[in-house]
Amino acid sequence: ASESILLPSESGFDGSRSPVCSSPDPNLNYRPVIGILSHPGDGASGRLTNDTSSTYIAASYVKFAEAGGARVIPLIYNEPEEVLFQKLELVNGVIFTGGWAKKYDYFEIVKKIFTKALERNDAGEHFPVYGICLGFELMSIIISQNRDILERFDAEDNASSLQFVDNVNNDGTLFQRFPPELLKKLSTDCLVMQKHKYGITPANFQANPALSSFFEILTTCIDENSKTYVSTVKAKRYPITGFQWHPEKNAFEWGSSAIPHSEDAIQVTQHAASYLVSEARKSLNRPESQKVLSNLIYNYKPTYCGYAGRGYDEVYIFTQPRSRF
Amino acid sequence: SAESIFLPSQIGVEDSRVFESLSLSPVCSAADPNLNYKPVIGILTHPGEGRWDARLHSLKNYAYATNISYIAASYVKLAETGGARVIPLIYNEPEEILFQKLELVNGVIFTGGWAKTGLYYDVVEKIFNKVMEKNDAGEHFPVYAMCLGFEILSMIISQNRDILERFNSVNYASSLQFFKNVNIEATVFQRFPPELLKKLSADCLVMQNHYFGISPDNFQGNPYLSSFFNIVTTSADKDSKTFVSTIRSKRYPVTAFQWHPEKNAFEWGSSEIPHSEDAIQVTQHAANYLVSEARKSMNRPSSEKVLSNLIYNYKPTYSGYKGSGDDEVYIFT
């Protein structure tokens, strides 16, 4: 039987006085904005636009940040750098999304933004980063200073469990917010979506001194050949989390029948989103409201590309980069 | 201090080979065949394009005259956050088309707004009657009615178009007071963690934005209302007058809110909207309950028809550029 819940009206609460709204915590920012870096292409192998300078963000990443209680500003990776970094000043955290681009301009921009994020944290401004799938892979390349750190895995379209690493303390990680029963299910059920060809084995991760001194391994997974790879990492001294898996897909992408959509799976998405935004609320960056409004993702319209029932359902496509400063 | 969380590796799960190939990869548990893991929620559009700065009278005339209707994007985001996709039900489409679309969904949201008379009211009533029929025929089919949706359901069920009373309850955050002797099992609140339930009644975590409501006395004084719904929570307006704020049907998966569960996470135009982590959780839990009810619907429509009717076929308009009103709306012409 479910335990009794003592409702406030049964536990002595005096309802005759209207409750006073508690004051917001002055140390928190209740209007957090997350920057999401756009990725080369249109997200649909060129079917949506002929513009070779186009970049995209899968709408699932936007919905993910919004579900956690943030607004979103797109950081268009091929905009003039001064514009890109002006926008970076308007946000309280960044998401590096999945994708495929591991070289050239995109890599360089990720590296510069990542470096700037570290600088802001070092200067005392709490500034979280989520690196998802490719985002995680690029952070691994950057930190390890080894472009060959990634290995091939067979993990292209499957739901998996997460195996928690021994002796890891979940306090201060995204898993701290997961209810105990959901944590159990994470390791016994297939509640997270994997869609990647690359990864790093735990042994190789730990053997790289730069990687292992920067990040702590939180979870591992096995691929379809039973080979183990690192699936979630957290920086030891920065609010930076890397996922080889896709926390955003469970609630917001429907194109693959392998994506888990149970109530538990949806909660995984929500808790992961809530953690990112709770970290962003610790950022005291308070940009000018008008500049934020001018740059929000609301200024762009998503394109439906999941009509055929596969690939991303919706993407934001950015062409002819523009600034509204 | 935070309570200890036992990780699987600390409660006996085989852990000696976490860094080695597992000898048995965990088997994905089979999906529950009694649940629908691709739920779709229908959201009924409302007359107009969502601009609130016009005076009520001229807005009403303008809205009905232009045949435009809208859905605030926050309702779409609420349903999607809960793990559903959305199909817009355009209130002024030919009725046969509207009801064909109703056959593609596993639950319905009646949104906030202002239209309490005319075609909009009639369509809500027809959809609601159809929903009752579906449930009576054994198909679990949930309804969420927010603000105006709550008000119209009250008018329909009570058979009294004058059941609503004026309250001073525009644009403020309030608490929810759980009603005496209420059992929250099978209500939206069953999924709320105990600590969040406490905060709901001690803190201002829900957004109120309405001119009308019903006092608990008048609600209970109407035999139709009180036999159909249980009062789950009440709230106080700015003059400390009490109104009913959450209700749940006794025998149907129908929940109505005088407040706005969707605004906490998804609307930023009023500085009164609560955006704390707790407030965001209220939105998430409310979304989860709706979709968990929709998963109990065994309606399995043709995938092609769903794909061609999804909200993805429409593009939202940024209406919050000035920092007020709804941030984004879907407009249907």
# chains A, B, ... in the order shown; residues from 1 in each chain; ligands from 1
>>> select_by_dssp(residues="stretch 155-186 of chain B", states="strand (DSSP E)", output="VMD selection string")
chain B and resid 165 to 174 177 to 178
>>> residues_around(residues="stretch 257-265 of chain B", least_positions_apart="4", cutoff="8 Å", atoms="only C-alpha atoms", output="tab-separated table (two decimals) with all heavy atoms, in the first residue's frame")
chain	number	residue	atom	x	y	z
A	66	GLU	N	13.77	24.33	-22.43
A	66	GLU	CA	12.54	24.99	-22.01
A	66	GLU	C	11.79	24.16	-20.97
A	66	GLU	O	11.20	24.70	-20.03
A	66	GLU	CB	11.65	25.26	-23.23
A	66	GLU	CG	12.24	26.33	-24.16
A	66	GLU	CD	11.35	26.68	-25.35
A	66	GLU	OE1	10.40	25.91	-25.64
A	66	GLU	OE2	11.60	27.72	-25.98
A	67	ALA	N	11.82	22.84	-21.11
A	67	ALA	CA	11.14	21.97	-20.14
A	67	ALA	C	11.78	22.08	-18.76
A	67	ALA	O	11.13	21.81	-17.75
A	67	ALA	CB	11.16	20.52	-20.61
A	68	GLY	N	13.05	22.47	-18.73
A	68	GLY	CA	13.73	22.66	-17.45
A	68	GLY	C	13.48	24.04	-16.86
A	68	GLY	O	13.90	24.31	-15.73
A	69	GLY	N	12.80	24.92	-17.61
A	69	GLY	CA	12.47	26.24	-17.08
A	69	GLY	C	13.40	27.35	-17.54
A	69	GLY	O	13.57	28.35	-16.85
A	70	ALA	N	14.01	27.19	-18.72
A	70	ALA	CA	14.87	28.23	-19.27
A	70	ALA	C	14.32	28.70	-20.61
A	70	ALA	O	13.45	28.06	-21.20
A	70	ALA	CB	16.29	27.69	-19.48
B	74	SER	N	2.59	27.53	-25.10
B	74	SER	CA	2.89	26.92	-23.80
B	74	SER	C	2.07	25.66	-23.55
B	74	SER	O	2.53	24.75	-22.86
B	74	SER	CB	2.66	27.93	-22.67
B	74	SER	OG	1.44	28.61	-22.83
B	75	TYR	N	0.86	25.59	-24.11
B	75	TYR	CA	0.06	24.37	-23.93
B	75	TYR	C	0.65	23.21	-24.73
B	75	TYR	O	0.61	22.06	-24.30
B	75	TYR	CB	-1.40	24.61	-24.35
B	75	TYR	CG	-2.11	25.59	-23.47
B	75	TYR	CD1	-2.24	26.93	-23.85
B	75	TYR	CD2	-2.63	25.21	-22.24
B	75	TYR	CE1	-2.88	27.85	-23.03
B	75	TYR	CE2	-3.27	26.12	-21.41
B	75	TYR	CZ	-3.39	27.43	-21.81
B	75	TYR	OH	-4.01	28.34	-21.00
B	77	LYS	N	3.85	22.92	-25.43
B	77	LYS	CA	5.07	22.53	-24.71
B	77	LYS	C	4.74	21.70	-23.47
B	77	LYS	O	5.49	20.79	-23.12
B	77	LYS	CB	5.86	23.79	-24.34
B	77	LYS	CG	6.34	24.57	-25.57
B	77	LYS	CD	7.06	25.86	-25.19
B	77	LYS	CE	7.37	26.69	-26.43
B	77	LYS	NZ	8.18	27.89	-26.14
B	78	LEU	N	3.63	22.02	-22.81
B	78	LEU	CA	3.22	21.23	-21.64
B	78	LEU	C	3.00	19.78	-22.04
B	78	LEU	O	3.51	18.85	-21.41
B	78	LEU	CB	1.93	21.81	-21.05
B	78	LEU	CG	1.34	21.04	-19.87
B	78	LEU	CD1	2.07	21.40	-18.58
B	78	LEU	CD2	-0.15	21.32	-19.71
B	144	TYR	N	-7.96	17.68	-19.83
B	144	TYR	CA	-7.39	18.70	-18.96
B	144	TYR	C	-8.03	20.01	-19.39
B	144	TYR	O	-8.01	20.36	-20.57
B	144	TYR	CB	-5.88	18.82	-19.20
B	144	TYR	CG	-4.98	18.28	-18.14
B	144	TYR	CD1	-5.41	17.36	-17.19
B	144	TYR	CD2	-3.65	18.69	-18.09
B	144	TYR	CE1	-4.54	16.87	-16.23
B	144	TYR	CE2	-2.77	18.21	-17.13
B	144	TYR	CZ	-3.22	17.29	-16.20
B	144	TYR	OH	-2.35	16.80	-15.26
B	145	ALA	N	-8.61	20.72	-18.44
B	145	ALA	CA	-9.23	22.00	-18.75
B	145	ALA	C	-8.59	23.06	-17.88
B	145	ALA	O	-8.59	22.94	-16.65
B	145	ALA	CB	-10.73	21.93	-18.49
B	146	MET	N	-8.01	24.07	-18.50
B	146	MET	CA	-7.31	25.10	-17.76
B	146	MET	C	-8.08	26.41	-17.82
B	146	MET	O	-8.50	26.84	-18.89
B	146	MET	CB	-5.93	25.36	-18.38
B	146	MET	CG	-4.87	24.44	-17.87
B	146	MET	SD	-4.90	22.92	-18.82
B	146	MET	CE	-3.20	22.76	-19.22
B	147	CYS	N	-8.23	27.05	-16.69
B	147	CYS	CA	-8.75	28.41	-16.60
B	147	CYS	C	-10.11	28.51	-17.31
B	147	CYS	O	-11.09	27.99	-16.79
B	147	CYS	CB	-7.72	29.38	-17.14
B	147	CYS	SG	-7.92	31.00	-16.47
B	148	LEU	N	-10.18	29.11	-18.47
B	148	LEU	CA	-11.45	29.16	-19.21
B	148	LEU	C	-12.02	27.76	-19.41
B	148	LEU	O	-13.24	27.55	-19.33
B	148	LEU	CB	-11.26	29.84	-20.57
B	148	LEU	CG	-12.50	29.78	-21.48
B	148	LEU	CD1	-13.60	30.69	-20.95
B	148	LEU	CD2	-12.15	30.14	-22.91
B	150	PHE	N	-11.78	25.24	-17.47
B	150	PHE	CA	-12.41	24.91	-16.19
B	150	PHE	C	-13.76	25.62	-16.08
B	150	PHE	O	-14.77	25.03	-15.68
B	150	PHE	CB	-11.47	25.38	-15.07
B	150	PHE	CG	-12.01	25.35	-13.67
B	150	PHE	CD1	-11.63	24.35	-12.79
B	150	PHE	CD2	-12.87	26.34	-13.21
B	150	PHE	CE1	-12.09	24.34	-11.47
B	150	PHE	CE2	-13.36	26.33	-11.90
B	150	PHE	CZ	-12.96	25.33	-11.04
B	151	GLU	N	-13.77	26.90	-16.46
B	151	GLU	CA	-15.00	27.69	-16.31
B	151	GLU	C	-16.11	27.14	-17.21
B	151	GLU	O	-17.26	27.00	-16.80
B	151	GLU	CB	-14.70	29.16	-16.62
B	151	GLU	CG	-13.79	29.81	-15.57
B	151	GLU	CD	-13.13	31.10	-16.04
B	151	GLU	OE1	-13.54	31.66	-17.08
B	151	GLU	OE2	-12.18	31.55	-15.36
B	206	VAL	N	1.83	28.55	-8.08
B	206	VAL	CA	0.95	28.42	-9.24
B	206	VAL	C	0.45	29.79	-9.69
B	206	VAL	O	0.24	30.70	-8.88
B	206	VAL	CB	-0.25	27.47	-9.00
B	206	VAL	CG1	0.23	26.11	-8.52
B	206	VAL	CG2	-1.25	28.06	-8.03
B	207	MET	N	0.27	29.91	-10.99
B	207	MET	CA	-0.09	31.19	-11.60
B	207	MET	C	-1.59	31.30	-11.79
B	207	MET	O	-2.22	30.41	-12.36
B	207	MET	CB	0.63	31.31	-12.94
B	207	MET	CG	0.47	32.65	-13.61
B	207	MET	SD	1.15	33.97	-12.55
B	207	MET	CE	0.61	35.39	-13.48
B	208	GLN	N	-2.15	32.41	-11.30
B	208	GLN	CA	-3.58	32.67	-11.47
B	208	GLN	C	-3.74	33.86	-12.41
B	208	GLN	O	-3.04	34.87	-12.27
B	208	GLN	CB	-4.23	33.02	-10.12
B	208	GLN	CG	-3.96	32.01	-9.01
B	208	GLN	CD	-4.87	30.80	-9.05
B	208	GLN	OE1	-5.71	30.65	-9.94
B	208	GLN	NE2	-4.69	29.91	-8.08
B	209	ASN	N	-4.66	33.73	-13.36
B	209	ASN	CA	-4.87	34.85	-14.27
B	209	ASN	C	-6.30	34.78	-14.80
B	209	ASN	O	-6.54	34.38	-15.93
B	209	ASN	CB	-3.86	34.81	-15.43
B	209	ASN	CG	-3.80	36.13	-16.17
B	209	ASN	OD1	-4.02	37.18	-15.59
B	209	ASN	ND2	-3.50	36.08	-17.46
B	210	HIS	N	-7.26	35.12	-13.96
B	210	HIS	CA	-8.67	34.97	-14.34
B	210	HIS	C	-9.53	35.97	-13.59
B	210	HIS	O	-9.19	36.40	-12.49
B	210	HIS	CB	-9.15	33.54	-14.04
B	210	HIS	CG	-8.81	33.04	-12.66
B	210	HIS	ND1	-9.68	33.12	-11.60
B	210	HIS	CD2	-7.68	32.47	-12.17
B	210	HIS	CE1	-9.10	32.61	-10.51
B	210	HIS	NE2	-7.88	32.22	-10.83
B	213	GLY	N	-14.49	32.75	-11.21
B	213	GLY	CA	-14.24	31.54	-10.45
B	213	GLY	C	-15.53	31.12	-9.79
B	213	GLY	O	-16.60	31.69	-10.04
B	244	VAL	N	-12.54	27.86	-5.91
B	244	VAL	CA	-12.12	26.49	-6.22
B	244	VAL	C	-11.00	26.57	-7.26
B	244	VAL	O	-11.16	27.25	-8.29
B	244	VAL	CB	-13.31	25.69	-6.78
B	244	VAL	CG1	-12.86	24.31	-7.24
B	244	VAL	CG2	-14.41	25.59	-5.73
B	245	SER	N	-9.87	25.88	-7.01
B	245	SER	CA	-8.76	26.02	-7.96
B	245	SER	C	-8.39	24.74	-8.70
B	245	SER	O	-7.82	24.81	-9.79
B	245	SER	CB	-7.53	26.62	-7.28
B	245	SER	OG	-7.21	25.95	-6.09
B	246	THR	N	-8.65	23.57	-8.12
B	246	THR	CA	-8.43	22.32	-8.85
B	246	THR	C	-9.58	21.37	-8.54
B	246	THR	O	-9.98	21.23	-7.38
B	246	THR	CB	-7.12	21.60	-8.44
B	246	THR	OG1	-6.06	22.54	-8.29
B	246	THR	CG2	-6.74	20.54	-9.46
B	247	ILE	N	-10.10	20.72	-9.59
B	247	ILE	CA	-11.16	19.74	-9.40
B	247	ILE	C	-10.84	18.50	-10.23
B	247	ILE	O	-10.11	18.57	-11.22
B	247	ILE	CB	-12.54	20.28	-9.82
B	247	ILE	CG1	-12.52	20.76	-11.28
B	247	ILE	CG2	-12.97	21.39	-8.88
B	247	ILE	CD1	-13.84	21.41	-11.72
B	273	ILE	N	4.87	35.42	-12.88
B	273	ILE	CA	4.87	33.96	-13.07
B	273	ILE	C	6.05	33.35	-12.31
B	273	ILE	O	7.18	33.78	-12.49
B	273	ILE	CB	4.97	33.61	-14.58
B	273	ILE	CG1	3.78	34.22	-15.34
B	273	ILE	CG2	5.02	32.10	-14.78
B	273	ILE	CD1	3.87	34.09	-16.85
B	274	PRO	N	5.79	32.34	-11.48
B	274	PRO	CA	6.88	31.74	-10.70
B	274	PRO	C	7.74	30.83	-11.57
B	274	PRO	O	7.21	30.01	-12.33
B	274	PRO	CB	6.15	30.94	-9.61
B	274	PRO	CG	4.81	30.62	-10.21
B	274	PRO	CD	4.47	31.75	-11.13
B	275	HIS	N	9.06	30.97	-11.47
B	275	HIS	CA	9.98	30.18	-12.29
B	275	HIS	C	11.05	29.48	-11.45
B	275	HIS	O	12.11	29.13	-11.97
B	275	HIS	CB	10.71	31.09	-13.29
B	275	HIS	CG	9.82	31.74	-14.30
B	275	HIS	ND1	9.11	31.05	-15.25
B	275	HIS	CD2	9.52	33.05	-14.49
B	275	HIS	CE1	8.42	31.90	-15.99
B	275	HIS	NE2	8.65	33.12	-15.55
B	279	ALA	N	8.66	25.51	-8.92
B	279	ALA	CA	7.57	25.90	-9.82
B	279	ALA	C	7.65	25.12	-11.14
B	279	ALA	O	6.63	24.70	-11.69
B	279	ALA	CB	7.62	27.41	-10.08
B	280	ILE	N	8.86	24.94	-11.64
B	280	ILE	CA	9.02	24.17	-12.88
B	280	ILE	C	8.59	22.72	-12.67
B	280	ILE	O	7.99	22.09	-13.55
B	280	ILE	CB	10.49	24.22	-13.37
B	280	ILE	CG1	10.95	25.68	-13.57
B	280	ILE	CG2	10.64	23.43	-14.66
B	280	ILE	CD1	10.06	26.54	-14.42
B	282	VAL	N	6.25	21.74	-10.76
B	282	VAL	CA	4.78	21.71	-10.80
B	282	VAL	C	4.32	21.52	-12.25
B	282	VAL	O	3.46	20.67	-12.53
B	282	VAL	CB	4.19	23.01	-10.20
B	282	VAL	CG1	2.68	23.08	-10.44
B	282	VAL	CG2	4.49	23.08	-8.70
B	283	THR	N	4.90	22.28	-13.16
B	283	THR	CA	4.56	22.12	-14.58
B	283	THR	C	4.85	20.69	-15.06
B	283	THR	O	4.03	20.06	-15.72
B	283	THR	CB	5.37	23.12	-15.44
B	283	THR	OG1	4.99	24.45	-15.12
B	283	THR	CG2	5.13	22.88	-16.93
B	286	ALA	N	2.43	18.10	-13.60
B	286	ALA	CA	1.09	18.24	-14.19
B	286	ALA	C	1.09	17.66	-15.61
B	286	ALA	O	0.13	17.00	-16.03
B	286	ALA	CB	0.67	19.71	-14.20
>>> residues_around(residues="B:Arg191", least_positions_apart="4", cutoff="12 Å", atoms="only C-alpha atoms", output="PyMOL selection string")
(chain A and resi 2+5+179+263+267) or (chain B and resi 184-187+195-197+281-290+292)
>>> residues_around(residues="B:Lys305", least_positions_apart="2", cutoff="12 Å", atoms="only C-alpha atoms", output="list of chain:residue names")
A:Tyr307, A:Ala308, A:Gly309, B:Val40, B:Ile87, B:Gln100, B:Lys101, B:Leu102, B:Glu103, B:Leu104, B:Val105, B:Arg300, B:Pro301, B:Ser302, B:Ser303, B:Leu307, B:Ser308, B:Asn309, B:Leu310
>>> write_last_selection(atoms="N, CA, C and O atoms", output="PDB file, in the first residue's frame")
ATOM      1  N   TYR A 307       8.223  14.360 -41.218  1.00  0.00           N
ATOM      2  CA  TYR A 307       6.970  13.972 -41.868  1.00  0.00           C
ATOM      3  C   TYR A 307       7.010  12.533 -42.349  1.00  0.00           C
ATOM      4  O   TYR A 307       6.014  11.817 -42.327  1.00  0.00           O
ATOM      5  N   ALA A 308       8.199  12.101 -42.781  1.00  0.00           N
ATOM      6  CA  ALA A 308       8.333  10.723 -43.259  1.00  0.00           C
ATOM      7  C   ALA A 308       8.464   9.741 -42.108  1.00  0.00           C
ATOM      8  O   ALA A 308       8.657   8.549 -42.324  1.00  0.00           O
ATOM      9  N   GLY A 309       8.395  10.241 -40.878  1.00  0.00           N
ATOM     10  CA  GLY A 309       8.438   9.353 -39.731  1.00  0.00           C
ATOM     11  C   GLY A 309       9.828   8.895 -39.338  1.00  0.00           C
ATOM     12  O   GLY A 309       9.984   7.890 -38.654  1.00  0.00           O
TER      13      GLY A 309
ATOM     14  N   VAL B  40      -0.985  10.942 -28.203  1.00  0.00           N
ATOM     15  CA  VAL B  40      -1.185  12.218 -28.886  1.00  0.00           C
ATOM     16  C   VAL B  40      -2.291  12.980 -28.159  1.00  0.00           C
ATOM     17  O   VAL B  40      -3.337  12.405 -27.839  1.00  0.00           O
ATOM     18  N   ILE B  87      -1.890  17.354 -31.645  1.00  0.00           N
ATOM     19  CA  ILE B  87      -2.657  17.675 -32.851  1.00  0.00           C
ATOM     20  C   ILE B  87      -3.591  18.827 -32.499  1.00  0.00           C
ATOM     21  O   ILE B  87      -4.352  18.742 -31.528  1.00  0.00           O
ATOM     22  N   GLN B 100     -13.067  14.023 -36.946  1.00  0.00           N
ATOM     23  CA  GLN B 100     -12.108  13.060 -37.482  1.00  0.00           C
ATOM     24  C   GLN B 100     -10.771  13.200 -36.759  1.00  0.00           C
ATOM     25  O   GLN B 100     -10.105  12.210 -36.454  1.00  0.00           O
ATOM     26  N   LYS B 101     -10.380  14.448 -36.496  1.00  0.00           N
ATOM     27  CA  LYS B 101      -9.122  14.666 -35.780  1.00  0.00           C
ATOM     28  C   LYS B 101      -9.225  14.183 -34.342  1.00  0.00           C
ATOM     29  O   LYS B 101      -8.255  13.680 -33.777  1.00  0.00           O
ATOM     30  N   LEU B 102     -10.405  14.336 -33.764  1.00  0.00           N
ATOM     31  CA  LEU B 102     -10.588  13.859 -32.400  1.00  0.00           C
ATOM     32  C   LEU B 102     -10.344  12.352 -32.318  1.00  0.00           C
ATOM     33  O   LEU B 102      -9.912  11.831 -31.291  1.00  0.00           O
ATOM     34  N   GLU B 103     -10.581  11.656 -33.424  1.00  0.00           N
ATOM     35  CA  GLU B 103     -10.352  10.211 -33.460  1.00  0.00           C
ATOM     36  C   GLU B 103      -8.871   9.858 -33.525  1.00  0.00           C
ATOM     37  O   GLU B 103      -8.497   8.689 -33.387  1.00  0.00           O
ATOM     38  N   LEU B 104      -8.018  10.858 -33.754  1.00  0.00           N
ATOM     39  CA  LEU B 104      -6.580  10.602 -33.844  1.00  0.00           C
ATOM     40  C   LEU B 104      -5.865  10.807 -32.514  1.00  0.00           C
ATOM     41  O   LEU B 104      -4.664  10.564 -32.421  1.00  0.00           O
ATOM     42  N   VAL B 105      -6.587  11.296 -31.495  1.00  0.00           N
ATOM     43  CA  VAL B 105      -5.898  11.673 -30.265  1.00  0.00           C
ATOM     44  C   VAL B 105      -6.299  10.786 -29.091  1.00  0.00           C
ATOM     45  O   VAL B 105      -7.286  10.041 -29.149  1.00  0.00           O
ATOM     46  N   ARG B 300      -5.409   3.635 -31.317  1.00  0.00           N
ATOM     47  CA  ARG B 300      -4.149   3.555 -32.066  1.00  0.00           C
ATOM     48  C   ARG B 300      -4.412   3.971 -33.509  1.00  0.00           C
ATOM     49  O   ARG B 300      -4.650   3.144 -34.376  1.00  0.00           O
ATOM     50  N   PRO B 301      -4.400   5.265 -33.765  1.00  0.00           N
ATOM     51  CA  PRO B 301      -4.733   5.739 -35.115  1.00  0.00           C
ATOM     52  C   PRO B 301      -3.626   5.446 -36.126  1.00  0.00           C
ATOM     53  O   PRO B 301      -2.506   5.108 -35.767  1.00  0.00           O
ATOM     54  N   SER B 302      -3.955   5.605 -37.396  1.00  0.00           N
ATOM     55  CA  SER B 302      -2.990   5.420 -38.480  1.00  0.00           C
ATOM     56  C   SER B 302      -1.845   6.412 -38.330  1.00  0.00           C
ATOM     57  O   SER B 302      -2.061   7.616 -38.170  1.00  0.00           O
ATOM     58  N   SER B 303      -0.617   5.902 -38.397  1.00  0.00           N
ATOM     59  CA  SER B 303       0.555   6.747 -38.200  1.00  0.00           C
ATOM     60  C   SER B 303       0.620   7.867 -39.235  1.00  0.00           C
ATOM     61  O   SER B 303       0.987   9.001 -38.935  1.00  0.00           O
ATOM     62  N   LEU B 307       0.867  11.873 -38.484  1.00  0.00           N
ATOM     63  CA  LEU B 307       1.979  12.699 -38.950  1.00  0.00           C
ATOM     64  C   LEU B 307       1.502  13.901 -39.754  1.00  0.00           C
ATOM     65  O   LEU B 307       2.074  14.987 -39.674  1.00  0.00           O
ATOM     66  N   SER B 308       0.441  13.714 -40.539  1.00  0.00           N
ATOM     67  CA  SER B 308      -0.001  14.831 -41.380  1.00  0.00           C
ATOM     68  C   SER B 308      -0.855  15.836 -40.620  1.00  0.00           C
ATOM     69  O   SER B 308      -1.160  16.901 -41.149  1.00  0.00           O
ATOM     70  N   ASN B 309      -1.240  15.521 -39.391  1.00  0.00           N
ATOM     71  CA  ASN B 309      -2.047  16.461 -38.609  1.00  0.00           C
ATOM     72  C   ASN B 309      -1.321  17.066 -37.414  1.00  0.00           C
ATOM     73  O   ASN B 309      -1.872  17.921 -36.733  1.00  0.00           O
ATOM     74  N   LEU B 310      -0.094  16.605 -37.155  1.00  0.00           N
ATOM     75  CA  LEU B 310       0.623  17.086 -35.979  1.00  0.00           C
ATOM     76  C   LEU B 310       0.848  18.592 -36.019  1.00  0.00           C
ATOM     77  O   LEU B 310       0.924  19.212 -37.084  1.00  0.00           O
TER      78      LEU B 310
END
>>> closest_residue(among="A:Ser262, A:Ser53, A:Ser140, A:Asn250", to="A:Tyr198", atoms="only C-alpha atoms")
A:Ser140
>>> closest_residue(among="A:Ile200, A:Ala123, A:Val83, A:Ile95", to="chain B", atoms="only C-alpha atoms")
A:Ile200
>>> atom_distance(atom1="atom CA of A:Phe175", atom2="atom CA of A:Pro209")
25.0 Å
>>> residues_around(residues="A:Tyr275", least_positions_apart="5", cutoff="12 Å", atoms="only C-alpha atoms", output="count of residues only")
31
>>> closest_residue(among="A:Ala235, A:Leu296, A:Leu276, A:Val91", to="A:Phe136", atoms="only C-alpha atoms")
A:Ala235
>>> atom_distance(atom1="atom CA of A:Lys195", atom2="atom CA of A:Thr232")
14.1 Å
>>> residues_around(residues="A:Val62", least_positions_apart="5", cutoff="12 Å", atoms="only C-alpha atoms", output="PyMOL selection string")
(chain A and resi 33-38+56-57+67-75+94-97+248-249+251-253+273+296-298+300-302+314-316) or (chain B and resi 77+80-81+266)
>>> write_last_selection(atoms="C-alpha atoms", output="short mmCIF file (atom, residue, chain, number, x, y, z; two decimals), in the first residue's frame")
data_model
loop_
_atom_site.label_atom_id
_atom_site.label_comp_id
_atom_site.auth_asym_id
_atom_site.auth_seq_id
_atom_site.Cartn_x
_atom_site.Cartn_y
_atom_site.Cartn_z
CA VAL A 33 18.78 31.58 -20.63
CA ILE A 34 20.60 28.67 -22.26
CA GLY A 35 22.69 29.11 -25.39
CA ILE A 36 22.60 26.20 -27.85
CA LEU A 37 25.32 26.02 -30.48
CA SER A 38 24.04 25.32 -33.97
CA TYR A 56 20.68 23.81 -37.55
CA ILE A 57 19.57 22.95 -34.04
CA ALA A 67 11.14 21.97 -20.14
CA GLY A 68 13.73 22.66 -17.45
CA GLY A 69 12.47 26.24 -17.08
CA ALA A 70 14.87 28.23 -19.27
CA ARG A 71 14.59 30.24 -22.45
CA VAL A 72 16.96 29.63 -25.35
CA ILE A 73 19.24 31.75 -27.50
CA PRO A 74 20.74 30.04 -30.56
CA LEU A 75 24.49 30.51 -30.92
CA VAL A 94 25.50 26.32 -22.99
CA ILE A 95 24.49 23.07 -24.70
CA PHE A 96 26.76 21.46 -27.29
CA THR A 97 24.42 19.19 -29.24
CA GLU A 248 16.47 15.08 -24.88
CA LYS A 249 15.15 12.39 -27.19
CA ALA A 251 10.31 13.21 -24.58
CA PHE A 252 10.90 15.09 -27.80
CA GLU A 253 11.90 12.82 -30.72
CA ALA A 273 16.71 19.26 -18.03
CA LEU A 296 15.62 34.37 -28.33
CA ILE A 297 14.88 31.27 -30.37
CA TYR A 298 11.30 32.62 -30.59
CA TYR A 300 13.04 31.68 -35.55
CA LYS A 301 10.52 29.12 -36.76
CA PRO A 302 11.08 25.36 -36.68
CA GLU A 314 11.60 19.45 -36.10
CA VAL A 315 14.72 21.51 -36.70
CA TYR A 316 15.57 25.19 -36.54
CA LYS B 77 5.07 22.53 -24.71
CA GLU B 80 5.25 17.57 -25.25
CA THR B 81 7.15 17.82 -21.96
CA PHE B 266 6.88 28.23 -20.62
#
>>> decode(residues="stretch 112-125 of chain A", atoms="C-alpha atoms", output="PDB file, in the first residue's frame")
ATOM      1  CA  LYS A 112      36.671  28.639 -28.032  1.00  0.00           C
ATOM      2  CA  ILE A 113      33.281  28.579 -26.324  1.00  0.00           C
ATOM      3  CA  PHE A 114      34.426  25.843 -23.991  1.00  0.00           C
ATOM      4  CA  THR A 115      37.539  27.828 -23.117  1.00  0.00           C
ATOM      5  CA  LYS A 116      35.396  30.896 -22.467  1.00  0.00           C
ATOM      6  CA  ALA A 117      33.089  28.841 -20.235  1.00  0.00           C
ATOM      7  CA  LEU A 118      36.071  27.718 -18.165  1.00  0.00           C
ATOM      8  CA  GLU A 119      37.275  31.310 -17.917  1.00  0.00           C
ATOM      9  CA  ARG A 120      33.902  32.490 -16.667  1.00  0.00           C
ATOM     10  CA  ASN A 121      33.798  29.788 -14.035  1.00  0.00           C
ATOM     11  CA  ASP A 122      37.372  30.549 -12.995  1.00  0.00           C
ATOM     12  CA  ALA A 123      36.362  34.203 -12.644  1.00  0.00           C
ATOM     13  CA  GLY A 124      33.591  33.208 -10.241  1.00  0.00           C
ATOM     14  CA  GLU A 125      30.575  33.174 -12.536  1.00  0.00           C
TER      15      GLU A 125
END
